[in-house]
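Q: Just so it is clear, I am handing over work25.txt, which has compact mmCIF, C-alpha atoms.
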```txt
# COMPACT_ATOMS: atom_id res chain seq x y z
CA GLY A 1 -10.59 -34.78 -40.27
CA ASP A 2 -9.98 -37.84 -42.38
CA SER A 3 -6.31 -38.71 -42.81
CA VAL A 4 -3.87 -41.25 -44.19
CA THR A 5 -0.64 -42.50 -42.63
CA GLN A 6 2.12 -44.19 -44.59
CA MET A 7 5.12 -45.99 -43.19
CA GLU A 8 8.16 -43.76 -42.72
CA GLY A 9 11.16 -43.60 -44.99
CA PRO A 10 12.23 -44.64 -48.46
CA VAL A 11 12.15 -48.25 -49.56
CA THR A 12 15.18 -49.67 -51.33
CA LEU A 13 15.11 -53.19 -52.70
CA SER A 14 16.59 -55.38 -55.39
CA GLU A 15 14.93 -56.25 -58.65
CA GLU A 16 12.47 -59.17 -58.33
CA ALA A 17 12.08 -58.63 -54.59
CA PHE A 18 8.70 -58.44 -52.85
CA LEU A 19 7.40 -54.96 -52.12
CA THR A 20 5.06 -53.92 -49.31
CA ILE A 21 4.15 -50.34 -48.44
CA ASN A 22 1.94 -49.90 -45.40
CA CYS A 23 -0.99 -47.51 -45.34
CA THR A 24 -3.56 -46.92 -42.61
CA TYR A 25 -6.38 -44.44 -42.55
CA THR A 26 -8.62 -42.58 -40.16
CA ALA A 27 -12.07 -41.68 -41.38
CA THR A 28 -15.55 -41.09 -40.01
CA GLY A 29 -17.25 -43.11 -42.75
CA TYR A 30 -16.18 -45.63 -45.34
CA PRO A 31 -14.07 -43.72 -47.83
CA SER A 32 -12.83 -44.87 -51.20
CA LEU A 33 -9.11 -45.68 -51.07
CA PHE A 34 -6.45 -45.14 -53.70
CA TRP A 35 -2.81 -45.67 -54.50
CA TYR A 36 -1.18 -43.09 -56.76
CA VAL A 37 2.30 -43.21 -58.28
CA GLN A 38 4.48 -40.22 -59.14
CA TYR A 39 7.46 -40.54 -61.45
CA PRO A 40 10.19 -37.87 -61.36
CA GLY A 41 9.03 -34.54 -62.76
CA GLU A 42 5.50 -35.76 -63.35
CA GLY A 43 2.05 -35.50 -61.81
CA LEU A 44 0.13 -38.27 -60.11
CA GLN A 45 -1.11 -41.37 -61.88
CA LEU A 46 -3.80 -43.58 -60.41
CA LEU A 47 -2.37 -47.02 -59.76
CA LEU A 48 -5.37 -48.77 -58.20
CA LYS A 49 -8.43 -48.16 -56.08
CA ALA A 50 -11.01 -49.85 -53.86
CA THR A 51 -14.38 -48.43 -52.97
CA LYS A 52 -15.66 -50.70 -50.19
CA ALA A 53 -14.49 -53.09 -47.51
CA ASP A 54 -12.80 -56.31 -48.73
CA ASP A 55 -12.44 -54.94 -52.26
CA LYS A 56 -9.08 -55.71 -53.85
CA GLY A 57 -7.65 -53.20 -56.29
CA SER A 58 -5.04 -54.41 -58.74
CA ASN A 59 -3.03 -53.07 -61.66
CA LYS A 60 0.35 -53.80 -63.29
CA GLY A 61 1.10 -56.52 -60.72
CA PHE A 62 0.32 -54.27 -57.75
CA GLU A 63 -2.45 -55.18 -55.32
CA ALA A 64 -4.09 -53.66 -52.25
CA THR A 65 -7.04 -54.88 -50.18
CA TYR A 66 -9.43 -52.58 -48.31
CA ARG A 67 -9.38 -53.85 -44.71
CA LYS A 68 -12.04 -52.17 -42.60
CA GLU A 69 -11.17 -54.08 -39.41
CA THR A 70 -7.59 -52.80 -39.45
CA THR A 71 -8.32 -49.57 -41.38
CA SER A 72 -5.53 -50.45 -43.79
CA PHE A 73 -4.84 -50.51 -47.50
CA HIS A 74 -1.33 -51.91 -47.86
CA LEU A 75 0.27 -51.97 -51.32
CA GLU A 76 2.05 -55.14 -52.47
CA LYS A 77 3.89 -56.39 -55.53
CA GLY A 78 5.41 -59.80 -55.83
CA SER A 79 8.38 -59.03 -58.07
CA VAL A 80 9.47 -55.42 -58.61
CA GLN A 81 11.32 -54.06 -61.62
CA VAL A 82 13.66 -51.10 -61.97
CA SER A 83 10.84 -49.29 -63.80
CA ASP A 84 8.76 -49.41 -60.58
CA SER A 85 11.10 -46.86 -58.99
CA ALA A 86 8.87 -43.90 -58.10
CA VAL A 87 7.05 -42.25 -55.20
CA TYR A 88 3.88 -44.00 -54.06
CA PHE A 89 1.02 -42.19 -52.30
CA CYS A 90 -1.88 -43.69 -50.45
CA ALA A 91 -5.03 -41.55 -50.47
CA LEU A 92 -8.67 -41.53 -49.46
CA ARG A 93 -11.64 -39.62 -50.81
CA ASP A 94 -13.60 -38.10 -47.97
CA GLY A 95 -17.29 -37.25 -47.75
CA ASN A 96 -16.64 -33.88 -49.37
CA ASN A 97 -14.98 -35.45 -52.41
CA ARG A 98 -11.54 -34.25 -51.38
CA LEU A 99 -8.49 -36.46 -51.66
CA ALA A 100 -6.39 -36.74 -48.50
CA PHE A 101 -2.90 -38.08 -49.17
CA GLY A 102 -0.23 -39.71 -47.10
CA LYS A 103 3.32 -38.34 -47.20
CA GLY A 104 4.42 -40.83 -49.81
CA ASN A 105 7.16 -43.43 -49.99
CA GLN A 106 10.11 -43.24 -52.34
CA VAL A 107 10.74 -46.70 -53.82
CA VAL A 108 14.15 -47.38 -55.34
CA VAL A 109 14.67 -50.67 -57.15
CA ILE A 110 18.29 -51.67 -57.70
CA PRO A 111 19.18 -53.88 -60.69
CA GLU B 1 -9.51 -37.42 -75.43
CA THR B 2 -7.11 -34.81 -74.08
CA GLY B 3 -5.71 -35.00 -70.57
CA VAL B 4 -5.20 -32.25 -68.03
CA THR B 5 -2.82 -29.48 -69.09
CA GLN B 6 -1.19 -27.06 -66.68
CA SER B 7 0.75 -23.92 -67.44
CA PRO B 8 3.37 -22.76 -66.94
CA THR B 9 5.45 -25.81 -66.01
CA HIS B 10 7.93 -23.80 -63.99
CA LEU B 11 7.82 -20.34 -62.48
CA ILE B 12 10.06 -18.20 -60.28
CA LYS B 13 8.55 -15.30 -58.35
CA THR B 14 9.74 -12.88 -55.72
CA ARG B 15 8.25 -12.76 -52.24
CA GLY B 16 5.26 -10.39 -52.12
CA GLN B 17 4.38 -10.83 -55.80
CA GLN B 18 1.22 -12.37 -57.19
CA VAL B 19 0.97 -15.44 -59.43
CA THR B 20 -1.68 -17.07 -61.63
CA LEU B 21 -1.54 -20.75 -62.54
CA ARG B 22 -3.73 -22.26 -65.20
CA CYS B 23 -5.35 -25.64 -65.77
CA SER B 24 -7.26 -27.03 -68.73
CA SER B 25 -9.48 -29.87 -67.62
CA GLN B 26 -9.93 -33.15 -69.42
CA SER B 27 -12.64 -33.12 -72.06
CA GLY B 28 -16.03 -33.87 -70.52
CA HIS B 29 -14.98 -33.06 -66.96
CA ASN B 30 -16.82 -30.33 -65.03
CA THR B 31 -14.85 -30.32 -61.77
CA VAL B 32 -11.36 -29.05 -61.01
CA SER B 33 -9.46 -29.48 -57.76
CA TRP B 34 -6.16 -27.83 -56.84
CA TYR B 35 -3.49 -29.33 -54.59
CA GLN B 36 -0.23 -28.01 -53.18
CA GLN B 37 2.64 -30.48 -52.88
CA ALA B 38 5.60 -29.24 -50.87
CA LEU B 39 8.93 -30.97 -51.40
CA GLY B 40 8.93 -34.44 -49.87
CA GLN B 41 5.28 -34.24 -48.83
CA GLY B 42 1.95 -35.50 -50.07
CA PRO B 43 -0.41 -33.17 -51.92
CA GLN B 44 -2.64 -30.96 -49.77
CA PHE B 45 -6.15 -29.97 -50.92
CA ILE B 46 -6.54 -26.26 -51.64
CA PHE B 47 -10.04 -26.03 -53.13
CA GLN B 48 -12.42 -27.50 -55.66
CA TYR B 49 -14.59 -25.90 -58.33
CA TYR B 50 -17.71 -27.55 -59.70
CA ARG B 51 -19.60 -25.94 -62.56
CA GLU B 52 -17.93 -22.55 -61.91
CA GLU B 53 -18.70 -22.48 -58.18
CA GLU B 54 -16.31 -23.13 -55.31
CA ASN B 55 -17.25 -26.50 -53.84
CA GLY B 56 -15.03 -26.88 -50.83
CA ARG B 57 -11.85 -25.41 -49.50
CA GLY B 58 -8.93 -26.76 -47.52
CA ASN B 59 -6.91 -25.07 -44.80
CA PHE B 60 -5.37 -22.33 -46.94
CA PRO B 61 -5.53 -18.55 -46.34
CA PRO B 62 -7.74 -16.23 -48.44
CA ARG B 63 -4.76 -15.07 -50.50
CA PHE B 64 -5.21 -18.38 -52.32
CA SER B 65 -8.16 -17.89 -54.67
CA GLY B 66 -9.48 -19.47 -57.82
CA LEU B 67 -11.82 -19.33 -60.74
CA GLN B 68 -13.48 -21.82 -63.04
CA PHE B 69 -14.57 -20.73 -66.49
CA PRO B 70 -17.58 -21.83 -68.59
CA ASN B 71 -15.34 -24.29 -70.49
CA TYR B 72 -14.38 -25.73 -67.05
CA SER B 73 -10.76 -24.63 -67.24
CA SER B 74 -9.50 -23.05 -64.04
CA GLU B 75 -7.05 -20.61 -62.51
CA LEU B 76 -5.33 -20.59 -59.15
CA ASN B 77 -4.24 -17.16 -57.93
CA VAL B 78 -1.90 -16.58 -55.03
CA ASN B 79 -1.35 -13.06 -53.70
CA ALA B 80 1.44 -11.76 -51.46
CA LEU B 81 3.66 -14.74 -52.13
CA GLU B 82 5.64 -16.17 -49.24
CA LEU B 83 8.72 -18.38 -49.34
CA ASP B 84 6.65 -21.31 -48.01
CA ASP B 85 4.43 -21.11 -51.08
CA SER B 86 7.24 -22.75 -53.04
CA ALA B 87 5.79 -26.08 -54.12
CA LEU B 88 4.42 -28.16 -56.96
CA TYR B 89 0.82 -27.14 -57.68
CA LEU B 90 -1.31 -29.92 -59.09
CA CYS B 91 -4.62 -29.63 -60.83
CA ALA B 92 -7.00 -32.59 -61.01
CA SER B 93 -10.09 -32.71 -63.16
CA SER B 94 -13.05 -35.01 -62.68
CA LEU B 95 -16.69 -35.51 -63.53
CA ASN B 96 -19.31 -34.49 -61.00
CA ARG B 97 -16.99 -33.72 -58.08
CA GLY B 98 -14.85 -36.81 -58.38
CA ASN B 99 -17.47 -39.54 -58.32
CA TYR B 100 -15.77 -41.27 -61.25
CA GLY B 101 -12.13 -40.65 -60.45
CA TYR B 102 -9.59 -37.90 -60.97
CA THR B 103 -7.08 -37.09 -63.71
CA PHE B 104 -4.05 -35.14 -62.61
CA GLY B 105 -1.94 -32.74 -64.62
CA SER B 106 1.86 -32.70 -64.44
CA GLY B 107 1.85 -29.66 -62.22
CA THR B 108 3.41 -26.20 -62.04
CA ARG B 109 6.62 -25.92 -60.04
CA LEU B 110 6.55 -22.54 -58.25
CA THR B 111 9.67 -21.20 -56.61
CA VAL B 112 9.43 -18.09 -54.45
CA VAL B 113 12.71 -16.29 -53.76
```
Give the structure from this file in structure tokens form.
A:
Amino acid sequence: GDSVTQMEGPVTLSEEAFLTINCTYTATGYPSLFWYVQYPGEGLQLLLKATKADDKGSNKGFEATYRKETTSFHLEKGSVQVSDSAVYFCALRDGNNRLAFGKGNQVVVIP
Amino acid sequence: ETGVTQSPTHLIKTRGQQVTLRCSSQSGHNTVSWYQQALGQGPQFIFQYYREEENGRGNFPPRFSGLQFPNYSSELNVNALELDDSALYLCASSLNRGNYGYTFGSGTRLTVV
């Protein structure tokens, strides 16, 4: 079935550093792609989305571009803040309207 | 507009017991999906209800069952609880099976001992 793979391990970086979290997907069609963020003790919040190839989703300084040729949807932010510390999940919506999630990446931003 | 509300927020059950989790969908939404998130993992799709009918199911055994009511709220029932059922259970509501996005609740943390 359709699936999402995120880079392994937590990400620790200093405030104002550049953040990249890699995400690749496997799908039979052209799914919609999402990034969700989860703060401690909370549910998932939609961060951004893209629905077709070459679309760029953006929100709160985060960006991700839907790359069909590399089946990727990497998340980037130019200058992170301590408040960006959270777990980030890449996800796709398959043809049955189910969300398939990656394992998530813990991001820790150090002041 | 109200968001998605889940209850209870935390729950401890003994192996072999049964549990019911509840979800109130966002106003105007007619679809509810349930996900299981084990510690350190991404959420896994359990099933979806659309207008009171099951509309897809993930790779979960039949002891996981659900209901959706006429007001589009929903219940997740798990029978014969196992230790591995310990997880955060997330409910997501949407309009028309997710065509316009999903709103997640804060989840119910279930611990099976």
Q: Define the interface residues of chain B facing chain A as those within 9 Å, counting only C-alpha atoms, and report them as a compact mmCIF listing (two decimals) with C-alpha atoms, in the coordinates of the input.
A:
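Output below, filename result_16.txt:
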```
# COMPACT_ATOMS: atom_id res chain seq x y z
CA SER B 33 -9.46 -29.48 -57.76
CA GLY B 40 8.93 -34.44 -49.87
CA GLN B 41 5.28 -34.24 -48.83
CA GLY B 42 1.95 -35.50 -50.07
CA PRO B 43 -0.41 -33.17 -51.92
CA GLN B 44 -2.64 -30.96 -49.77
CA PHE B 45 -6.15 -29.97 -50.92
CA PHE B 47 -10.04 -26.03 -53.13
CA GLN B 48 -12.42 -27.50 -55.66
CA ASN B 55 -17.25 -26.50 -53.84
CA GLY B 56 -15.03 -26.88 -50.83
CA GLY B 58 -8.93 -26.76 -47.52
CA LEU B 90 -1.31 -29.92 -59.09
CA CYS B 91 -4.62 -29.63 -60.83
CA ARG B 97 -16.99 -33.72 -58.08
CA GLY B 98 -14.85 -36.81 -58.38
CA ASN B 99 -17.47 -39.54 -58.32
CA GLY B 101 -12.13 -40.65 -60.45
CA TYR B 102 -9.59 -37.90 -60.97
CA THR B 103 -7.08 -37.09 -63.71
CA PHE B 104 -4.05 -35.14 -62.61
CA GLY B 105 -1.94 -32.74 -64.62
CA SER B 106 1.86 -32.70 -64.44
CA GLY B 107 1.85 -29.66 -62.22
```
Q: Using only the atoms of range 51-56 of chain A listed in the file, plus 8 Å on each side, state the axis-aligned box centre and edge lengths in Å rounded to one decimal, as AutoDock Vina command-line options.
A:
```
--center_x -12.4 --center_y -52.4 --center_z -50.7 --size_x 22.6 --size_y 23.9 --size_z 22.3
```
Q: For Met7 in chain A, find every residue with an atom within 8 Å (counting all atoms listed in the file), except residues of its own chain fewer than 3 positions away, and show them as a PDB file with C-alpha atoms, keeping the file's coordinate frame.
A:
```pdb
ATOM      1  CA  ILE A  21       4.150 -50.340 -48.440  1.00  0.00           C
ATOM      2  CA  ASN A  22       1.940 -49.900 -45.400  1.00  0.00           C
ATOM      3  CA  CYS A  23      -0.990 -47.510 -45.340  1.00  0.00           C
ATOM      4  CA  ASN A 105       7.160 -43.430 -49.990  1.00  0.00           C
TER       5      ASN A 105
END
```
Q: Show which residues sit within 8 Å of Pro31 in chain A, as a list in words. Count only C-alpha atoms, and ignore same-chain residues fewer than 4 positions away.
A: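 The contact residues come out as Ala27, Thr51, Lys52, Leu92, Arg93, Asp94 and Gly95 of chain A.
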Q: Can you work out the spacing between CA of Glu8 in chain A and CA of Tyr36 in chain A in Å, to one decimal?
A: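 For CA of Glu8 in chain A relative to CA of Tyr36 in chain A, the distance reads 16.9 Å.
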Q: Give as number ranges by chain every residue, naming chains and numbers as the document does, that has an atom within 6 Å of (4.8, -12.3, -50.1), counting only C-alpha atoms.
A: B: 15-17, 80-82
Q: For Thr28 in chain A, which of A:Leu47, A:Leu13, A:Lys68, A:Gln6 is the closest residue, counting only C-alpha atoms?
A: A:Lys68
Q: Tell me which of A:Leu75, A:Ala64, A:Leu48, A:Ala17 sits closest to Ile110 in chain A, counting all atoms listed in the file.
A: A:Ala17
Q: Please provide the set of residues having any atom within 9 Å of Leu19 in chain A, restricted to all atoms listed in the file, with same-chain residues fewer than 3 positions apart removed, written as a ChimeraX atom specification.
A: /A:11,13,75-80
Q: CA of Tyr35 in chain B and CA of Arg51 in chain B, how far apart in Å?
A: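 Interatomic distance, CA of Arg51 in chain B to CA of Tyr35 in chain B: 18.3 Å.
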Q: Expressed in Å to a single decimal, how great is the separation between CA of Ala50 in chain A and CA of Ser72 in chain A?
A: 11.5 Å
Q: I want to know what sits within 12 Å of Tyr49 in chain B, based on only C-alpha atoms, with residues of the same chain fewer than 6 positions away left out; could you give that as number ranges by chain?
A: A: 97-98; B: 23, 25, 29-34, 55-57, 65-70, 72-76, 91-98
Q: Name the residues in contact with Asn77 in chain B at a cut-off of 10 Å, using all atoms listed in the file, excluding same-chain residues fewer than 4 positions from it; report them as a PyMOL selection string.
A: chain B and resi 18-22+63-67
